[in-house]
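Chemist: Structure in structure tokens, see below.
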Amino acid sequence: MHHTLVADARRLPLPDHSIDLVVTSPPYWRKRDYGVTGQLGQETTPAGYVAAILDCLTEWRRTLTPTGSVMLNVGDGYHQRTLAGIPGRIEAAAADQGWLLRNRIVWAKTRGNPDPAKDRLTPRYEYVLHLTPARYHYDLAGYAAEYGNGANPGDVWTIAPERGLSPHLAPFPVELARRAILLACPRSVCTDCGHVAQRVTEPSGQLDPGRPQARRAMQLAAEAGLTEAHLAAIRATGISDAGKAQRIQTGTGRNSAEVQRLAAEAKQVLGGYFREFTFGPRHTVGWTDCGHDASRRGRVLDPFSGTGTTGVAAAGLGRDYIGVDLDARCHAIAADRTPQPALAA
């Protein structure tokens with residue numbers, strides 16, 4: 001399902017609790033005049049702009065499901081020769097309204113627009129603020145498997161800006177929207193009870209073959225015939241019962257004698273490569289199920305949809321999408337970019 005609507009982001013024609021994730025990049029303060037009556041971004045002061053963003057957040061909170069959240073891409077600007085501090089102002093104002101700031105993600109750009117300034121450095125980053133009213137869906141395991149080889153990849157996203165040829169400049173790349181959706185929009189939601197499908201994972205002894213240390217660790221384990229029980233003992237022992245940790249950490253040595261025996265055997269075989277298996281990647285074995293048959297795809301909203309960047313990302317990940325923009329011209333441009341949704345990932 002892909003819908004586009006002409007409406008104000010502060011007054012959405014959408015039902016309460018119908019959106020799983022908002023992914024958007026509003027017009028930045030005093031950057032461009034789109035020539036549309038009622039547009040956001042032309043306020044006379046930074047405080048006025050932040051107030052308009054807070055009006056948006058209040059309306060978006062109405063539409064969010066109990067596990068919904070907002071990924072807000074916003075940049076800064078200069079006012080009277082000093083940075084206006086727009087992202088920080090939004091963070092503080094949102095906190096005063098009860099929002100939780102779960103992450104301040106840095107979008108590090110590999111390139112930027114030419115800048116004539118001679119007395120300061122050219123900006124090469126923007127923020128993605130992850131805001132949520134309360135608890136929220138988050139698929140870190142799925143994201144980490146794709147972007148971090150099973151480990152938490154961190155809060156810096158290095159992504160090249162996309163070059164757009166349309167009359168409306170795309171504010172962020174598809175890759176940025178894709179990451180946000182993969183992290184925080186569920187693949188399916190039960191329409192009977194509201195259950196959100198959660199990924200079920202198990203530890204794996206299959207390490208990343210792209211890392212020489214991991215390849216060597218797997219080679220040694222195979223040559224010695226280490227079993228799944230050995231690998232499980234390594235994970236149970238971790239680094240807390242090995243090496244220096246035994247001298248400086250409390251709580252070490254509490255595993256069962258059998259676990260300690262198997263871990264010791266593995267340590268003798270692996271030596272310094274022992275730690276490669278301590279936090280090995282996890283693999284997906286299924287999804288939680290409430291037992292009902294009725295379900296819908298996760299639903300993404302972009303209330304400043306522009307050229308439909310978020311819609312392209314949502315379709316590729318098998319999520320439903322609603323795009324809203326005050327400028328009716330944007331929807332015709334977006335329609336040419338947005339494919340039908342794929343199977344949910």
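Order determines the names: the first chain of the structure tokens is A, the second B, and so forth; residues in each chain are numbered 1 upward, and ligands are numbered 1 upward as they are shown.
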May I have all residues of region 14-248 of chain A that DSSP, computed from the backbone, assigns to alpha helix (DSSP H), given as a ChimeraX atom specification?

Modeler: /A:46-63,86-96,140-147,174-184,212-224,228-237,245-248

Chemist: Please report, as a ChimeraX atom specification, each residue of region 46-235 of chain A to which DSSP assigns strand (DSSP E or B) when run on this structure's backbone.

Modeler: /A:64-74,78-79,82-83,100-109,125-132,156-159,188-190,196,199-203

Chemist: Put those residues in a file: N, CA and C atoms, as a CSV table (one decimal), in the first residue's frame.

Modeler:
chain,number,residue,atom,x,y,z
A,64,LEU,N,1.0,7.9,15.9
A,64,LEU,CA,1.9,6.7,16.2
A,64,LEU,C,1.2,5.6,16.9
A,65,THR,N,1.5,4.4,16.6
A,65,THR,CA,1.1,3.2,17.4
A,65,THR,C,1.8,3.2,18.7
A,66,PRO,N,1.4,2.4,19.6
A,66,PRO,CA,2.1,2.3,20.9
A,66,PRO,C,3.6,2.0,20.8
A,67,THR,N,4.0,1.4,19.7
A,67,THR,CA,5.5,1.1,19.6
A,67,THR,C,6.1,1.9,18.5
A,68,GLY,N,5.5,3.0,18.2
A,68,GLY,CA,6.0,3.9,17.1
A,68,GLY,C,7.0,4.9,17.5
A,69,SER,N,7.8,5.4,16.5
A,69,SER,CA,8.8,6.4,16.8
A,69,SER,C,9.0,7.3,15.6
A,70,VAL,N,9.9,8.3,15.7
A,70,VAL,CA,10.2,9.3,14.7
A,70,VAL,C,11.7,9.3,14.4
A,71,MET,N,12.0,9.2,13.2
A,71,MET,CA,13.4,9.5,12.7
A,71,MET,C,13.4,10.8,11.9
A,72,LEU,N,13.9,11.8,12.6
A,72,LEU,CA,13.9,13.2,12.0
A,72,LEU,C,15.3,13.7,11.6
A,73,ASN,N,15.4,13.8,10.3
A,73,ASN,CA,16.7,14.3,9.7
A,73,ASN,C,16.6,15.8,9.6
A,74,VAL,N,17.5,16.5,10.3
A,74,VAL,CA,17.5,18.0,10.4
A,74,VAL,C,18.9,18.5,10.4
A,78,TYR,N,23.1,29.2,9.7
A,78,TYR,CA,23.7,30.3,10.4
A,78,TYR,C,22.7,31.4,10.5
A,79,HIS,N,22.7,32.1,11.7
A,79,HIS,CA,21.9,33.3,12.0
A,79,HIS,C,22.7,34.3,12.6
A,82,THR,N,26.4,33.2,13.4
A,82,THR,CA,26.6,32.1,14.3
A,82,THR,C,25.7,31.0,14.0
A,83,LEU,N,26.1,29.8,14.3
A,83,LEU,CA,25.2,28.6,14.1
A,83,LEU,C,24.0,28.8,15.0
A,100,LEU,N,11.4,11.1,24.2
A,100,LEU,CA,12.7,10.5,24.6
A,100,LEU,C,13.6,10.6,23.4
A,101,LEU,N,14.8,11.1,23.5
A,101,LEU,CA,15.8,11.2,22.5
A,101,LEU,C,16.6,9.9,22.6
A,102,ARG,N,16.4,8.9,21.8
A,102,ARG,CA,17.1,7.6,22.0
A,102,ARG,C,18.4,7.6,21.2
A,103,ASN,N,18.5,8.4,20.2
A,103,ASN,CA,19.8,8.5,19.5
A,103,ASN,C,19.9,9.8,18.8
A,104,ARG,N,21.1,10.3,18.7
A,104,ARG,CA,21.5,11.5,17.8
A,104,ARG,C,22.4,10.9,16.8
A,105,ILE,N,21.9,10.4,15.7
A,105,ILE,CA,22.7,9.8,14.7
A,105,ILE,C,23.3,10.9,13.8
A,106,VAL,N,24.6,10.7,13.5
A,106,VAL,CA,25.3,11.6,12.7
A,106,VAL,C,25.4,11.1,11.3
A,107,TRP,N,24.8,11.8,10.3
A,107,TRP,CA,24.9,11.5,8.9
A,107,TRP,C,26.2,12.2,8.4
A,108,ALA,N,27.2,11.4,8.2
A,108,ALA,CA,28.5,11.9,7.7
A,108,ALA,C,28.5,11.8,6.2
A,109,LYS,N,28.6,13.0,5.5
A,109,LYS,CA,28.5,13.0,4.1
A,109,LYS,C,29.9,12.8,3.5
A,125,TYR,N,28.1,17.2,7.8
A,125,TYR,CA,27.3,16.2,8.5
A,125,TYR,C,25.9,16.9,8.8
A,126,GLU,N,24.9,16.0,9.1
A,126,GLU,CA,23.6,16.4,9.6
A,126,GLU,C,23.2,15.4,10.7
A,127,TYR,N,22.2,15.7,11.4
A,127,TYR,CA,21.7,14.7,12.4
A,127,TYR,C,20.4,14.0,12.0
A,128,VAL,N,20.3,12.8,12.5
A,128,VAL,CA,19.0,12.1,12.4
A,128,VAL,C,18.6,11.8,13.9
A,129,LEU,N,17.6,12.5,14.4
A,129,LEU,CA,17.1,12.4,15.7
A,129,LEU,C,16.1,11.3,15.9
A,130,HIS,N,16.4,10.3,16.7
A,130,HIS,CA,15.4,9.2,16.9
A,130,HIS,C,14.6,9.6,18.2
A,131,LEU,N,13.4,9.9,18.0
A,131,LEU,CA,12.5,10.4,19.1
A,131,LEU,C,11.4,9.4,19.2
A,132,THR,N,11.0,9.2,20.5
A,132,THR,CA,9.9,8.2,20.7
A,132,THR,C,9.1,8.7,22.0
A,156,VAL,N,27.1,6.6,13.7
A,156,VAL,CA,27.6,7.5,12.6
A,156,VAL,C,27.4,6.7,11.3
A,157,TRP,N,26.6,7.4,10.4
A,157,TRP,CA,26.2,6.8,9.1
A,157,TRP,C,27.0,7.5,8.1
A,158,THR,N,27.9,6.9,7.4
A,158,THR,CA,28.6,7.5,6.3
A,158,THR,C,27.9,7.2,5.0
A,159,ILE,N,27.3,8.2,4.5
A,159,ILE,CA,26.4,8.0,3.3
A,159,ILE,C,26.6,9.2,2.3
A,188,SER,N,5.7,-6.7,10.3
A,188,SER,CA,4.3,-6.9,10.3
A,188,SER,C,3.7,-6.7,11.7
A,189,VAL,N,2.4,-6.3,11.7
A,189,VAL,CA,1.6,-6.0,12.9
A,189,VAL,C,0.3,-6.7,12.9
A,190,CYS,N,-0.1,-7.4,13.9
A,190,CYS,CA,-1.3,-8.1,14.0
A,190,CYS,C,-2.5,-7.1,14.1
A,196,VAL,N,3.4,-6.9,17.5
A,196,VAL,CA,4.5,-6.5,16.6
A,196,VAL,C,5.4,-7.7,16.5
A,199,ARG,N,12.0,-10.2,15.8
A,199,ARG,CA,13.0,-11.2,15.3
A,199,ARG,C,13.5,-12.1,16.4
A,200,VAL,N,13.6,-13.4,16.1
A,200,VAL,CA,14.1,-14.4,17.1
A,200,VAL,C,15.5,-14.9,16.6
A,201,THR,N,16.5,-14.7,17.4
A,201,THR,CA,17.9,-15.0,16.9
A,201,THR,C,18.5,-16.0,17.9
A,202,GLU,N,19.5,-16.7,17.3
A,202,GLU,CA,20.3,-17.6,18.1
A,202,GLU,C,21.8,-17.4,17.8
A,203,PRO,N,22.7,-17.7,18.8
A,203,PRO,CA,24.1,-17.5,18.5
A,203,PRO,C,24.6,-18.4,17.4

Chemist: Excluding region 38-47 of chain A and residues on its chain fewer than 6 positions from it, collect all residues at most 6 Å away from it, counting only C-alpha atoms, and give them as a VMD selection string.

Modeler: chain A and resid 27 to 30

Chemist: CA of Ser305 (chain A) to CA of Thr122 (chain A): how many Å, to one decimal?

Modeler: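 Those two atoms sit 26.9 Å apart.
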
Chemist: What's around Phe279 (chain A) at 8 Å? Count only C-alpha atoms, leave out sequence neighbours fewer than 3 positions away in its own chain, and write the answer as a count of residues only.

Modeler: 4

Chemist: Kindly indicate which residue among A:Gly311, A:Arg81, A:Asp325, A:Gln213 lies nearest to Asp119 (chain A), using only C-alpha atoms for the distances.

Modeler: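 Of A:Gly311, A:Arg81, A:Asp325, A:Gln213, the one nearest Asp119 (chain A), counting only C-alpha atoms, is A:Arg81.
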
Chemist: Considering only C-alpha atoms, can you say which of A:Arg124, A:Arg296, A:His283, A:Arg319 comes closest to Ala145 (chain A)?

Modeler: A:His283

Chemist: Would you mind reading off the distance between CA of Thr110 (chain A) and CA of Ala84 (chain A), one decimal, in Å?

Modeler: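 CA of Ala84 (chain A) lies at a distance of 23.6 Å from CA of Thr110 (chain A).
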
Chemist: Using only C-alpha atoms, find the one residue out of A:Gly35, A:Arg62, A:Pro26, A:His195 that sits nearest to Leu14 (chain A).

Modeler: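 Among the listed residues, A:Arg62 lies closest to Leu14 (chain A).
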
Chemist: Excluding Thr227 (chain A) and its own-chain neighbours fewer than 2 positions away, which residues fall within 12 Å of it when counting only C-alpha atoms? Please give them as a list in words.

Modeler: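 So the residues in contact are Gly205, Met218, Ala221, Ala222, Glu223, Ala224, Gly225, Ala229, His230, Leu231, Ala232, Ala233, Ile234, Leu262, Ala263, Glu265 and Ala266 of chain A.
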
Chemist: Go ahead and write the residues just picked, C-alpha atoms, as a short mmCIF file (atom, residue, chain, number, x, y, z; two decimals), in the first residue's frame.

Modeler:
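In the end it all went to again-v3.cif:
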data_model
loop_
_atom_site.label_atom_id
_atom_site.label_comp_id
_atom_site.auth_asym_id
_atom_site.auth_seq_id
_atom_site.Cartn_x
_atom_site.Cartn_y
_atom_site.Cartn_z
CA GLY A 205 29.64 -20.14 15.36
CA MET A 218 37.20 -20.95 12.46
CA ALA A 221 38.16 -24.73 15.67
CA ALA A 222 37.50 -27.01 12.70
CA GLU A 223 40.93 -28.63 12.86
CA ALA A 224 40.50 -29.38 16.57
CA GLY A 225 36.96 -30.63 16.14
CA ALA A 229 28.99 -27.25 23.09
CA HIS A 230 32.53 -25.85 23.07
CA LEU A 231 31.37 -22.71 21.24
CA ALA A 232 28.45 -22.31 23.64
CA ALA A 233 30.88 -22.61 26.56
CA ILE A 234 33.06 -19.88 25.03
CA LEU A 262 34.81 -27.05 27.70
CA ALA A 263 35.89 -23.42 27.61
CA GLU A 265 39.68 -26.98 26.10
CA ALA A 266 38.69 -24.39 23.52
#
